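Listing of protein.txt, compact mmCIF, C-alpha atoms and all ligand atoms
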# COMPACT_ATOMS: atom_id res chain seq x y z
CA MET A 1 -62.15 -15.69 24.60
CA SER A 2 -61.58 -12.70 26.89
CA ASP A 3 -64.48 -11.16 28.78
CA ALA A 4 -64.17 -7.97 26.79
CA ALA A 5 -64.26 -9.81 23.46
CA ALA A 6 -67.29 -11.82 24.57
CA GLU A 7 -69.04 -8.70 25.76
CA ILE A 8 -68.41 -6.96 22.43
CA GLU A 9 -69.71 -9.92 20.43
CA ALA A 10 -72.82 -10.12 22.60
CA GLY A 11 -73.29 -6.38 22.20
CA LEU A 12 -73.01 -6.62 18.43
CA ARG A 13 -75.56 -9.42 18.36
CA ALA A 14 -77.93 -7.41 20.57
CA LEU A 15 -77.53 -4.43 18.28
CA GLY A 16 -78.33 -6.68 15.36
CA GLU A 17 -80.58 -5.01 12.85
CA ARG A 18 -82.29 -2.68 15.34
CA PHE A 19 -80.72 0.44 13.91
CA ARG A 20 -82.22 -0.36 10.48
CA GLU A 21 -85.74 -0.35 11.91
CA ALA A 22 -85.05 2.89 13.80
CA PHE A 23 -83.70 4.52 10.63
CA ALA A 24 -86.72 3.36 8.61
CA ARG A 25 -89.08 4.79 11.24
CA ALA A 26 -87.36 8.23 11.16
CA ALA A 27 -89.70 10.58 9.29
CA THR A 28 -87.43 13.61 9.27
CA GLU A 29 -83.73 14.25 8.97
CA GLN A 30 -83.63 15.26 12.62
CA ASP A 31 -85.31 11.96 13.70
CA LEU A 32 -82.74 10.11 11.60
CA ARG A 33 -79.79 11.94 13.13
CA ASN A 34 -81.18 11.24 16.63
CA ALA A 35 -81.49 7.52 15.78
CA LYS A 36 -77.90 7.46 14.50
CA ALA A 37 -76.67 9.18 17.68
CA GLU A 38 -78.16 6.33 19.72
CA VAL A 39 -75.72 3.99 17.95
CA LEU A 40 -72.71 6.09 17.08
CA GLY A 41 -73.12 9.14 19.33
CA LYS A 42 -70.94 9.85 22.40
CA SER A 43 -72.84 7.37 24.53
CA GLY A 44 -74.28 5.35 21.64
CA ASP A 45 -74.48 1.51 21.83
CA LEU A 46 -71.66 0.91 19.33
CA THR A 47 -69.45 3.62 20.83
CA LYS A 48 -69.76 1.89 24.22
CA LEU A 49 -68.59 -1.40 22.65
CA LEU A 50 -65.70 0.36 20.90
CA LYS A 51 -64.52 1.65 24.27
CA LEU A 52 -64.01 -1.99 25.35
CA MET A 53 -61.54 -2.65 22.50
CA GLY A 54 -58.65 -1.53 24.69
CA LYS A 55 -59.30 -4.52 26.95
CA VAL A 56 -59.38 -7.10 24.15
CA PRO A 57 -56.19 -9.20 24.04
CA ALA A 58 -53.91 -8.53 21.11
CA GLU A 59 -54.49 -11.91 19.37
CA GLN A 60 -58.30 -11.29 19.24
CA LYS A 61 -58.14 -7.59 18.39
CA LYS A 62 -58.05 -8.16 14.63
CA SER A 63 -61.13 -10.34 14.34
CA ILE A 64 -63.18 -8.40 16.94
CA GLY A 65 -62.05 -5.12 15.37
CA GLU A 66 -63.17 -6.31 11.95
CA GLN A 67 -66.62 -7.25 13.28
CA VAL A 68 -67.06 -3.88 14.98
CA ASN A 69 -65.90 -1.96 11.89
CA ALA A 70 -68.22 -3.96 9.63
CA VAL A 71 -71.22 -3.04 11.83
CA LYS A 72 -70.07 0.57 11.95
CA ALA A 73 -69.85 0.66 8.13
CA ASP A 74 -73.34 -0.92 7.95
CA VAL A 75 -74.73 1.79 10.24
CA GLU A 76 -73.11 4.57 8.17
CA SER A 77 -74.34 3.23 4.84
CA ALA A 78 -77.88 2.59 6.18
CA PHE A 79 -77.86 6.17 7.51
CA ASP A 80 -76.73 7.61 4.14
CA ALA A 81 -79.32 5.58 2.23
CA ARG A 82 -82.18 6.72 4.48
CA LEU A 83 -80.95 10.35 4.40
CA GLY A 84 -81.04 10.23 0.58
CA GLN A 85 -84.54 8.72 0.67
CA LEU A 86 -85.83 11.46 2.98
CA ALA A 87 -84.31 14.23 0.81
CA ARG A 88 -85.89 12.74 -2.35
CA ALA A 89 -89.27 12.43 -0.63
CA LEU A 90 -89.06 16.05 0.49
CA ARG A 91 -88.25 17.26 -3.02
CA GLU A 92 -91.00 15.09 -4.51
CA ALA A 93 -93.51 16.57 -2.06
CA ASP A 94 -92.31 20.05 -3.00
CA LEU A 95 -92.74 19.39 -6.70
CA THR A 96 -96.17 17.81 -6.44
CA ALA A 97 -97.53 20.26 -3.86
CA ARG A 98 -99.99 22.93 -4.99
CA PRO A 99 -97.91 25.57 -6.76
CA PHE A 100 -97.20 28.82 -4.98
CA ASP A 101 -99.67 31.36 -6.41
CA LEU A 102 -97.81 34.58 -7.06
CA THR A 103 -101.01 36.31 -8.11
CA LEU A 104 -102.65 36.05 -4.68
CA PRO A 105 -103.04 39.46 -3.04
CA GLY A 106 -100.59 40.12 -0.21
CA ARG A 107 -101.81 40.20 3.37
CA VAL A 108 -100.71 43.84 3.71
CA PRO A 109 -101.74 45.65 0.52
CA ALA A 110 -98.77 47.39 -1.13
CA PRO A 111 -99.37 51.10 -1.65
CA ARG A 112 -99.89 51.88 -5.34
CA GLY A 113 -97.84 54.62 -6.93
CA HIS A 114 -99.02 56.96 -9.65
CA LEU A 115 -97.57 59.28 -12.25
CA HIS A 116 -95.93 62.48 -11.04
CA PRO A 117 -98.29 65.48 -11.40
CA VAL A 118 -95.89 67.10 -13.89
CA THR A 119 -95.85 63.96 -16.07
CA ARG A 120 -99.61 63.72 -15.84
CA VAL A 121 -100.16 67.33 -16.92
CA LYS A 122 -97.51 67.04 -19.67
CA ASP A 123 -99.19 63.90 -21.09
CA GLU A 124 -102.60 65.54 -20.89
CA ILE A 125 -101.40 68.64 -22.80
CA LEU A 126 -99.65 66.50 -25.44
CA ASP A 127 -102.81 64.41 -25.83
CA ILE A 128 -104.92 67.52 -26.42
CA PHE A 129 -102.61 68.67 -29.24
CA ARG A 130 -102.43 65.15 -30.65
CA SER A 131 -106.21 65.13 -30.84
CA LEU A 132 -106.04 68.47 -32.67
CA GLY A 133 -103.86 66.84 -35.36
CA PHE A 134 -100.34 67.64 -34.12
CA GLU A 135 -97.61 65.02 -34.40
CA ILE A 136 -95.27 64.39 -31.47
CA SER A 137 -91.53 64.85 -31.84
CA TRP A 138 -88.65 64.96 -29.35
CA GLY A 139 -85.41 66.91 -29.24
CA PRO A 140 -82.22 66.48 -27.18
CA GLU A 141 -81.80 68.24 -23.84
CA ILE A 142 -78.23 69.19 -24.76
CA ASP A 143 -78.08 71.24 -27.94
CA LEU A 144 -76.00 73.66 -29.96
CA GLU A 145 -76.06 77.33 -29.10
CA ALA A 146 -77.08 77.94 -32.73
CA ASN A 147 -80.30 75.88 -32.35
CA ASN A 148 -81.16 77.37 -28.97
CA PHE A 149 -80.40 81.03 -29.75
CA GLU A 150 -78.91 82.12 -33.08
CA LYS A 151 -81.28 80.48 -35.52
CA LEU A 152 -84.20 81.69 -33.40
CA GLY A 153 -83.07 85.26 -33.90
CA PHE A 154 -81.56 85.98 -30.48
CA PRO A 155 -78.82 88.55 -31.07
CA PRO A 156 -75.39 87.29 -29.85
CA ASP A 157 -75.44 89.65 -26.85
CA HIS A 158 -79.05 88.87 -25.80
CA PRO A 159 -79.33 88.69 -21.98
CA ALA A 160 -80.77 85.14 -22.18
CA THR A 161 -77.45 83.87 -23.54
CA ASP A 162 -75.71 85.27 -20.48
CA MET A 163 -73.99 82.95 -18.01
CA GLN A 164 -76.77 83.89 -15.55
CA ASP A 165 -79.44 82.20 -17.67
CA SER A 166 -77.83 79.22 -19.36
CA PHE A 167 -75.88 76.13 -18.33
CA TRP A 168 -73.00 75.73 -20.77
CA VAL A 169 -71.48 72.34 -21.45
CA THR A 170 -67.89 71.62 -22.36
CA VAL A 171 -67.63 68.88 -24.97
CA GLU A 172 -64.30 67.07 -24.91
CA GLY A 173 -62.78 67.39 -28.39
CA GLY A 174 -65.75 69.52 -29.53
CA ARG A 175 -65.37 72.23 -32.15
CA PRO A 176 -64.42 75.51 -30.47
CA ASP A 177 -66.88 77.41 -32.69
CA ALA A 178 -69.83 75.08 -31.83
CA ARG A 179 -70.83 75.99 -28.29
CA VAL A 180 -73.12 73.57 -26.47
CA LEU A 181 -75.60 74.14 -23.63
CA LEU A 182 -78.53 72.58 -21.77
CA ARG A 183 -81.43 73.88 -23.84
CA THR A 184 -83.18 76.82 -22.19
CA HIS A 185 -86.48 76.21 -24.03
CA THR A 186 -88.09 73.63 -26.32
CA SER A 187 -88.09 76.07 -29.27
CA THR A 188 -84.92 74.19 -30.34
CA VAL A 189 -87.30 71.52 -31.67
CA GLN A 190 -88.73 74.10 -34.13
CA VAL A 191 -85.26 74.67 -35.56
CA ARG A 192 -84.43 70.97 -35.73
CA GLU A 193 -87.70 69.94 -37.38
CA MET A 194 -87.88 72.86 -39.80
CA SER A 195 -84.26 72.28 -40.85
CA THR A 196 -84.94 68.65 -41.74
CA HIS A 197 -88.55 68.59 -43.00
CA THR A 198 -90.61 70.43 -45.57
CA PRO A 199 -93.99 71.96 -44.75
CA PRO A 200 -96.81 71.34 -44.16
CA MET A 201 -96.05 70.30 -40.60
CA ALA A 202 -97.86 70.46 -37.26
CA ILE A 203 -95.64 69.30 -34.44
CA VAL A 204 -95.79 69.30 -30.65
CA SER A 205 -92.92 68.44 -28.36
CA GLY A 206 -92.27 68.45 -24.65
CA GLY A 207 -89.51 67.82 -22.15
CA PRO A 208 -87.08 69.24 -19.63
CA VAL A 209 -85.33 72.58 -20.12
CA TYR A 210 -82.76 74.34 -17.92
CA ARG A 211 -82.12 77.89 -16.78
CA ARG A 212 -80.12 79.50 -14.00
CA ASP A 213 -83.30 80.40 -12.08
CA ASP A 214 -84.35 79.45 -8.56
CA ASP A 215 -87.33 80.85 -6.60
CA VAL A 216 -90.92 79.92 -5.69
CA THR A 217 -92.11 80.06 -9.31
CA HIS A 218 -88.81 79.33 -11.12
CA SER A 219 -86.80 76.13 -11.02
CA PRO A 220 -83.38 75.47 -12.66
CA MET A 221 -84.97 72.44 -14.39
CA PHE A 222 -88.55 72.59 -15.57
CA HIS A 223 -90.64 71.28 -18.46
CA GLN A 224 -91.95 73.00 -21.52
CA ILE A 225 -94.33 72.07 -24.30
CA GLU A 226 -93.71 73.57 -27.70
CA GLY A 227 -96.03 73.44 -30.68
CA PHE A 228 -95.78 74.85 -34.18
CA LEU A 229 -97.66 74.65 -37.45
CA VAL A 230 -96.21 75.64 -40.82
CA ALA A 231 -98.10 75.58 -44.12
CA GLU A 232 -99.25 77.96 -46.86
CA ARG A 233 -101.53 80.80 -45.78
CA VAL A 234 -101.47 80.12 -42.03
CA SER A 235 -102.65 83.23 -40.18
CA PHE A 236 -102.99 84.50 -36.62
CA ALA A 237 -106.63 83.37 -36.81
CA GLU A 238 -105.50 79.70 -36.88
CA LEU A 239 -103.19 80.35 -33.93
CA LYS A 240 -106.08 81.84 -31.94
CA GLY A 241 -108.39 79.00 -32.93
CA VAL A 242 -105.95 76.25 -31.92
CA LEU A 243 -104.98 77.85 -28.60
CA THR A 244 -108.59 78.68 -27.69
CA ALA A 245 -109.60 75.07 -28.39
CA PHE A 246 -106.64 73.92 -26.28
CA ALA A 247 -107.57 76.18 -23.32
CA GLU A 248 -111.19 74.96 -23.44
CA ARG A 249 -110.09 71.32 -23.43
CA LEU A 250 -107.65 71.89 -20.58
CA TYR A 251 -109.78 74.13 -18.36
CA GLY A 252 -113.32 73.43 -19.58
CA PRO A 253 -115.73 74.79 -22.20
CA GLY A 254 -116.27 78.54 -22.21
CA THR A 255 -112.91 79.28 -20.53
CA PRO A 256 -112.12 82.90 -21.42
CA VAL A 257 -108.89 83.37 -23.38
CA ARG A 258 -107.08 86.59 -24.22
CA PHE A 259 -104.04 87.39 -26.34
CA ARG A 260 -101.72 90.15 -25.12
CA PRO A 261 -98.97 91.54 -27.37
CA SER A 262 -95.55 90.40 -26.24
CA TYR A 263 -92.02 90.06 -27.60
CA PHE A 264 -90.01 86.93 -28.44
CA PRO A 265 -87.20 87.29 -31.00
CA PHE A 266 -88.42 84.32 -33.07
CA VAL A 267 -92.02 85.43 -33.64
CA GLU A 268 -93.66 88.48 -35.22
CA PRO A 269 -96.21 89.41 -34.02
CA GLY A 270 -95.79 87.78 -30.61
CA ALA A 271 -98.31 87.37 -27.82
CA GLU A 272 -98.83 85.97 -24.38
CA VAL A 273 -102.00 84.00 -23.73
CA ASP A 274 -103.98 84.37 -20.52
CA VAL A 275 -106.94 82.26 -19.44
CA GLY A 276 -109.66 83.45 -17.07
CA CYS A 277 -108.57 82.59 -13.53
CA VAL A 278 -109.65 79.05 -12.81
CA PHE A 279 -109.65 79.78 -9.06
CA CYS A 280 -111.93 82.78 -8.83
CA HIS A 281 -113.82 81.84 -12.02
CA ALA A 282 -113.82 85.45 -13.14
CA ASP A 283 -114.33 86.06 -16.83
CA SER A 284 -113.25 89.70 -16.57
CA GLU A 285 -116.11 90.76 -18.79
CA PRO A 286 -117.75 93.69 -16.99
CA ALA A 287 -120.92 92.99 -18.97
CA ALA A 288 -121.17 89.56 -17.40
CA GLY A 289 -121.37 91.22 -14.03
CA ARG A 290 -118.73 88.92 -12.55
CA GLY A 291 -115.29 90.20 -11.82
CA PRO A 292 -112.14 88.77 -10.27
CA ARG A 293 -112.18 88.11 -6.56
CA ALA A 294 -110.16 90.72 -4.72
CA SER A 295 -108.95 87.96 -2.42
CA CYS A 296 -107.65 85.66 -5.20
CA ARG A 297 -103.92 85.29 -4.62
CA VAL A 298 -103.40 83.10 -7.67
CA CYS A 299 -104.42 85.70 -10.27
CA LYS A 300 -103.54 88.58 -7.90
CA ALA A 301 -107.11 89.83 -8.35
CA THR A 302 -106.60 90.43 -12.07
CA GLY A 303 -108.93 87.61 -13.16
CA TRP A 304 -106.35 86.31 -15.64
CA LEU A 305 -103.60 83.70 -15.57
CA GLU A 306 -100.76 83.70 -18.08
CA ILE A 307 -100.18 80.23 -19.52
CA LEU A 308 -98.01 80.54 -22.62
CA GLY A 309 -96.09 82.55 -25.18
CA CYS A 310 -96.87 82.39 -28.89
CA GLY A 311 -96.74 84.18 -32.22
CA MET A 312 -96.28 83.95 -35.97
CA ILE A 313 -92.90 82.40 -36.81
CA HIS A 314 -90.46 85.14 -37.83
CA PRO A 315 -89.41 84.99 -41.53
CA ALA A 316 -85.76 85.10 -40.39
CA VAL A 317 -86.25 81.80 -38.53
CA PHE A 318 -87.66 80.21 -41.71
CA GLU A 319 -84.62 81.44 -43.62
CA HIS A 320 -82.19 80.05 -41.02
CA CYS A 321 -83.92 76.67 -41.37
CA GLY A 322 -84.03 76.67 -45.18
CA ILE A 323 -87.80 77.20 -45.51
CA ASP A 324 -89.17 79.57 -48.18
CA ALA A 325 -90.56 82.50 -46.13
CA GLU A 326 -92.39 83.85 -49.19
CA LYS A 327 -94.36 80.66 -49.60
CA TYR A 328 -94.96 79.52 -46.02
CA THR A 329 -96.23 81.05 -42.83
CA GLY A 330 -96.71 79.45 -39.46
CA PHE A 331 -97.31 79.90 -35.78
CA ALA A 332 -95.54 78.62 -32.66
CA PHE A 333 -96.32 78.52 -28.98
CA GLY A 334 -94.54 77.38 -25.82
CA MET A 335 -95.65 76.87 -22.25
CA GLY A 336 -94.29 75.81 -18.87
CA VAL A 337 -95.77 72.51 -17.68
CA GLU A 338 -95.09 73.21 -13.99
CA ARG A 339 -97.00 76.48 -14.29
CA VAL A 340 -100.05 74.65 -15.66
CA ALA A 341 -99.72 71.99 -12.92
CA MET A 342 -99.38 74.62 -10.19
CA LEU A 343 -102.52 76.39 -11.43
CA ARG A 344 -104.42 73.16 -11.80
CA TYR A 345 -103.61 71.88 -8.30
CA GLY A 346 -103.13 75.19 -6.45
CA ILE A 347 -99.46 74.48 -5.65
CA PRO A 348 -97.87 77.62 -4.19
CA ASP A 349 -94.15 76.72 -4.55
CA ILE A 350 -92.62 75.07 -7.66
CA ARG A 351 -89.90 73.44 -5.54
CA LEU A 352 -92.50 71.16 -3.91
CA LEU A 353 -92.81 69.42 -7.28
CA PHE A 354 -89.16 68.32 -7.21
CA GLU A 355 -88.58 67.47 -3.55
CA ASN A 356 -90.16 64.04 -4.04
CA ASP A 357 -91.80 64.03 -0.64
CA PRO A 358 -94.36 61.17 -0.74
CA ARG A 359 -96.66 63.09 1.65
CA PHE A 360 -96.92 65.84 -0.99
CA LEU A 361 -97.08 63.59 -4.06
CA ALA A 362 -99.75 61.33 -2.53
CA GLN A 363 -102.19 64.26 -2.69
CA PHE A 364 -102.50 64.10 -6.47
C1 LIG A 401 -90.10 80.69 -23.99
O1 LIG A 401 -89.34 79.89 -23.45
C2 LIG A 401 -90.44 80.60 -25.44
N1 LIG A 401 -89.62 79.61 -26.07
C3 LIG A 401 -91.94 80.27 -25.60
C4 LIG A 401 -92.43 80.50 -26.99
C5 LIG A 401 -92.44 79.47 -27.90
C6 LIG A 401 -92.88 81.79 -27.39
C7 LIG A 401 -92.89 79.67 -29.19
C8 LIG A 401 -93.31 81.99 -28.68
C9 LIG A 401 -93.32 80.93 -29.56
P1 LIG A 401 -90.57 81.98 -21.77
O2 LIG A 401 -89.15 82.26 -21.43
O3 LIG A 401 -91.58 83.00 -21.43
O4 LIG A 401 -90.75 81.64 -23.33
O5 LIG A 401 -90.98 80.58 -21.04
C10 LIG A 401 -92.21 79.97 -21.31
C11 LIG A 401 -92.84 79.50 -20.00
O6 LIG A 401 -91.92 78.66 -19.30
C12 LIG A 401 -93.16 80.61 -19.02
O7 LIG A 401 -94.42 81.14 -19.27
C13 LIG A 401 -93.15 79.89 -17.68
O8 LIG A 401 -94.41 79.25 -17.48
C14 LIG A 401 -92.14 78.79 -17.90
N2 LIG A 401 -90.88 79.09 -17.23
C15 LIG A 401 -89.89 79.92 -17.60
N3 LIG A 401 -88.86 79.88 -16.75
C16 LIG A 401 -89.18 78.98 -15.80
C17 LIG A 401 -88.53 78.44 -14.66
N4 LIG A 401 -87.29 78.79 -14.31
N5 LIG A 401 -89.17 77.53 -13.90
C18 LIG A 401 -90.41 77.11 -14.25
N6 LIG A 401 -91.08 77.54 -15.34
C19 LIG A 401 -90.48 78.48 -16.10
Entire entry expressed as structure tokens:
Amino acid sequence: MSDAAAEIEAGLRALGERFREAFARAATEQDLRNAKAEVLGKSGDLTKLLKLMGKVPAEQKKSIGEQVNAVKADVESAFDARLGQLARALREADLTARPFDLTLPGRVPAPRGHLHPVTRVKDEILDIFRSLGFEISWGPEIDLEANNFEKLGFPPDHPATDMQDSFWVTVEGGRPDARVLLRTHTSTVQVREMSTHTPPMAIVSGGPVYRRDDDVTHSPMFHQIEGFLVAERVSFAELKGVLTAFAERLYGPGTPVRFRPSYFPFVEPGAEVDVGCVFCHADSEPAAGRGPRASCRVCKATGWLEILGCGMIHPAVFEHCGIDAEKYTGFAFGMGVERVAMLRYGIPDIRLLFENDPRFLAQF
């Protein structure tokens, strides 16, 4: 036997089963790969023996080669078996470990959000009317011109229907005689409900409306709340009672309320409702000896803040909606939610409510 062949055989014997013990001792995949490298790596024991193969005479190459390859295959399969064992053990440990508790508080507490001030005020107003016996209903933000204007008694050339005030919508394939727009007020809900239901009814609704307006107190998109009550023998006294109760619940007991004549095409008589200024706490009653503060910028020293429009539903509106105007009477009112929110929180510019700056919103 050649020297090289003898050296290889001795080397294989010396290697023996050592690699199996090293593999069994490896506790991690990295340990195992290191142990394998000591045998089959660049300068591993078996690699060194393989390098001698070139010196083995041709007639011995086959048998020596077979011995070396058999050991190499043994090393590979022992490595694979141990690798599988380690992976299974790892998975087992994962499965039996204490479960990860998703309910534990984080190390850095996440800041908590809250409802937008407009949503909060809208919900509060709706809740007050719900507690007074009104049912909630919703209407679409895109509606027919007829529901927004005509059936509410706006003459066709009324300035509010002008391009300056309304956003018109083109409906693909829509009827040319049925013009569509983003509703300019929530009074559309009156028309929709009265056209599909029979009195008695007491309904409140709220949501976004759109007008071509843009300044510190007017936004192109804002929110309104609309309420109306229709039944037999409803009078202005009920309207005053409901709105006074509402103002007291919103701004506190004893809040002064006054009704000022005003015009809306869909009510007769119509009024605007003011509440005593919540900032200077004036009640405007000279007898009470307390007047508005000359410095109050919110009520402009008048002592009153306008919060809504209202009135007795015009008989023409009943007729347009198929309700017997001889039998039924009713009242309606509508208010801007942003206006109530601005008064409540002393917000000077309506646009702040829609800029979504967290530094502003976090103050509420
Ligand atoms: C109306 O829209 C009537 N539909 C209200 C009504 C209903 C009267 C039922 C009678 C019976 P007016 O255009 O005044 O009315 O708007 C009502 C409120 O919406 C205003 O008092 C104001 O607070 C708010 N408002 C109007 N335009 C804007 C705007 N561009 N941005 C923010 N708020 C607005």
**OP:** Write out as a list of chain:residue names which residues come within 7 Å of A:Glu141 when counting all atoms listed in the file, dropping same-chain ones fewer than 3 positions away.
**Re:**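 Residues meeting the cut-off are A:Leu182, A:Arg183, A:Pro208, A:Val209.
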Exercise for review: Have a look at A:Cys280, A:Ala231, A:Ala27, A:Leu152 and name the one nearest to ligand LIG 401 (chain A); count only C-alpha atoms and all ligand atoms.
Suggested key: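 Using only C-alpha atoms and all ligand atoms, ligand LIG 401 (chain A) sits closest to A:Leu152.
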Can you list, as a PDB file with C-alpha atoms, in the coordinates of the input, every protein, DNA or RNA residue that comes within 7 Å of stretch 334-348 of chain A when you count all atoms listed in the file, leaving out same-chain residues fewer than 5 positions away?
ATOM      1  CA  PRO A 117     -98.290  65.480 -11.400  1.00  0.00           C
ATOM      2  CA  VAL A 118     -95.890  67.100 -13.890  1.00  0.00           C
ATOM      3  CA  VAL A 121    -100.160  67.330 -16.920  1.00  0.00           C
ATOM      4  CA  LYS A 122     -97.510  67.040 -19.670  1.00  0.00           C
ATOM      5  CA  PHE A 222     -88.550  72.590 -15.570  1.00  0.00           C
ATOM      6  CA  HIS A 223     -90.640  71.280 -18.460  1.00  0.00           C
ATOM      7  CA  GLN A 224     -91.950  73.000 -21.520  1.00  0.00           C
ATOM      8  CA  ILE A 225     -94.330  72.070 -24.300  1.00  0.00           C
ATOM      9  CA  GLU A 226     -93.710  73.570 -27.700  1.00  0.00           C
ATOM     10  CA  GLY A 227     -96.030  73.440 -30.680  1.00  0.00           C
ATOM     11  CA  ILE A 307    -100.180  80.230 -19.520  1.00  0.00           C
ATOM     12  CA  LEU A 308     -98.010  80.540 -22.620  1.00  0.00           C
ATOM     13  CA  GLY A 309     -96.090  82.550 -25.180  1.00  0.00           C
ATOM     14  CA  CYS A 310     -96.870  82.390 -28.890  1.00  0.00           C
TER      15      CYS A 310
END
Report, in Å to a single decimal, how far apart atom CA of A:Tyr210 and atom CA of A:Thr161 are.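 If I compute the distance from atom CA of A:Thr161 to atom CA of A:Tyr210, I get 12.3 Å.
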Next on the checklist: Can you tell me which residues surround A:Tyr328 at a distance of at most 7 Å, considering only C-alpha atoms, apart from same-chain residues fewer than 3 positions away, and format the answer as a PyMOL selection string?
Outcome noted: chain A and resi 230-233+324-325
Computed gap from atom CA of A:Ser77 to atom CA of A:Ala5 is 24.9 Å
Self-check item: For atom CA of A:Arg212 and atom CA of A:Glu124, the interatomic separation in Å (one decimal)
Solution: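 Computing the Euclidean distance for atom CA of A:Arg212 and atom CA of A:Glu124 yields 27.3 Å.
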Item to complete: Just the residues within 10 Å of A:Leu12, please, counting all atoms listed in the file, with nothing from its chain fewer than 4 positions along; format it as a ChimeraX atom specification.
Response: /A:6-8,16-17,45-46,49,67-68,71
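Remark: for ligand LIG 401 (chain A), the closest of the candidate residues A:Pro256, A:Gly322, A:Pro220, A:Gly303 is A:Pro220 (distances computed over all atoms listed in the file).
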Select, from A:Ser235, A:Thr255, A:Ser295, A:Ser166, the residue with the minimum atom-to-atom distance to ligand LIG 401 (chain A), counting only C-alpha atoms and all ligand atoms.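 The answer is A:Ser166, which sits nearest to ligand LIG 401 (chain A).
Of the listed residues A:Val257, A:Val278, A:Leu229, A:Ala10, the one whose atoms come nearest to ligand LIG 401 (chain A) is A:Leu229, with distances taken using all atoms listed in the file.
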Practice prompt. Compile the contact shell of A:Glu135 as a list in words: residues with an atom at most 8 Å away, counting only C-alpha atoms, same-chain residues fewer than 2 positions apart removed.
Written response: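 Residues meeting the cut-off are Arg130, Gly133, Ser137, Ala202, Ile203 and Val204 of chain A.
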Find the residue from A:Leu352, A:Thr28, A:His185, A:Gln363 that sits nearest to A:Thr217; use all atoms listed in the file when measuring.
->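 Checking each candidate against A:Thr217, we get A:Leu352 as the closest.
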Using all atoms listed in the file: which of A:Lys327, A:Arg260, A:His314, A:Arg211 has the shortest distance to ligand LIG 401 (chain A):
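Distance minimum relative to ligand LIG 401 (chain A) lands on A:Arg211.
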Box for ligand LIG 401 (chain A): with edges along x, y and z, all listed atoms inside and 3 Å added on each side, what are the centre and edge lengths in Å to one decimal, as lines of an AutoDock Vina configuration file?
center_x = -90.9
center_y = 80.1
center_z = -21.7
size_x = 13.1
size_y = 11.9
size_z = 21.7
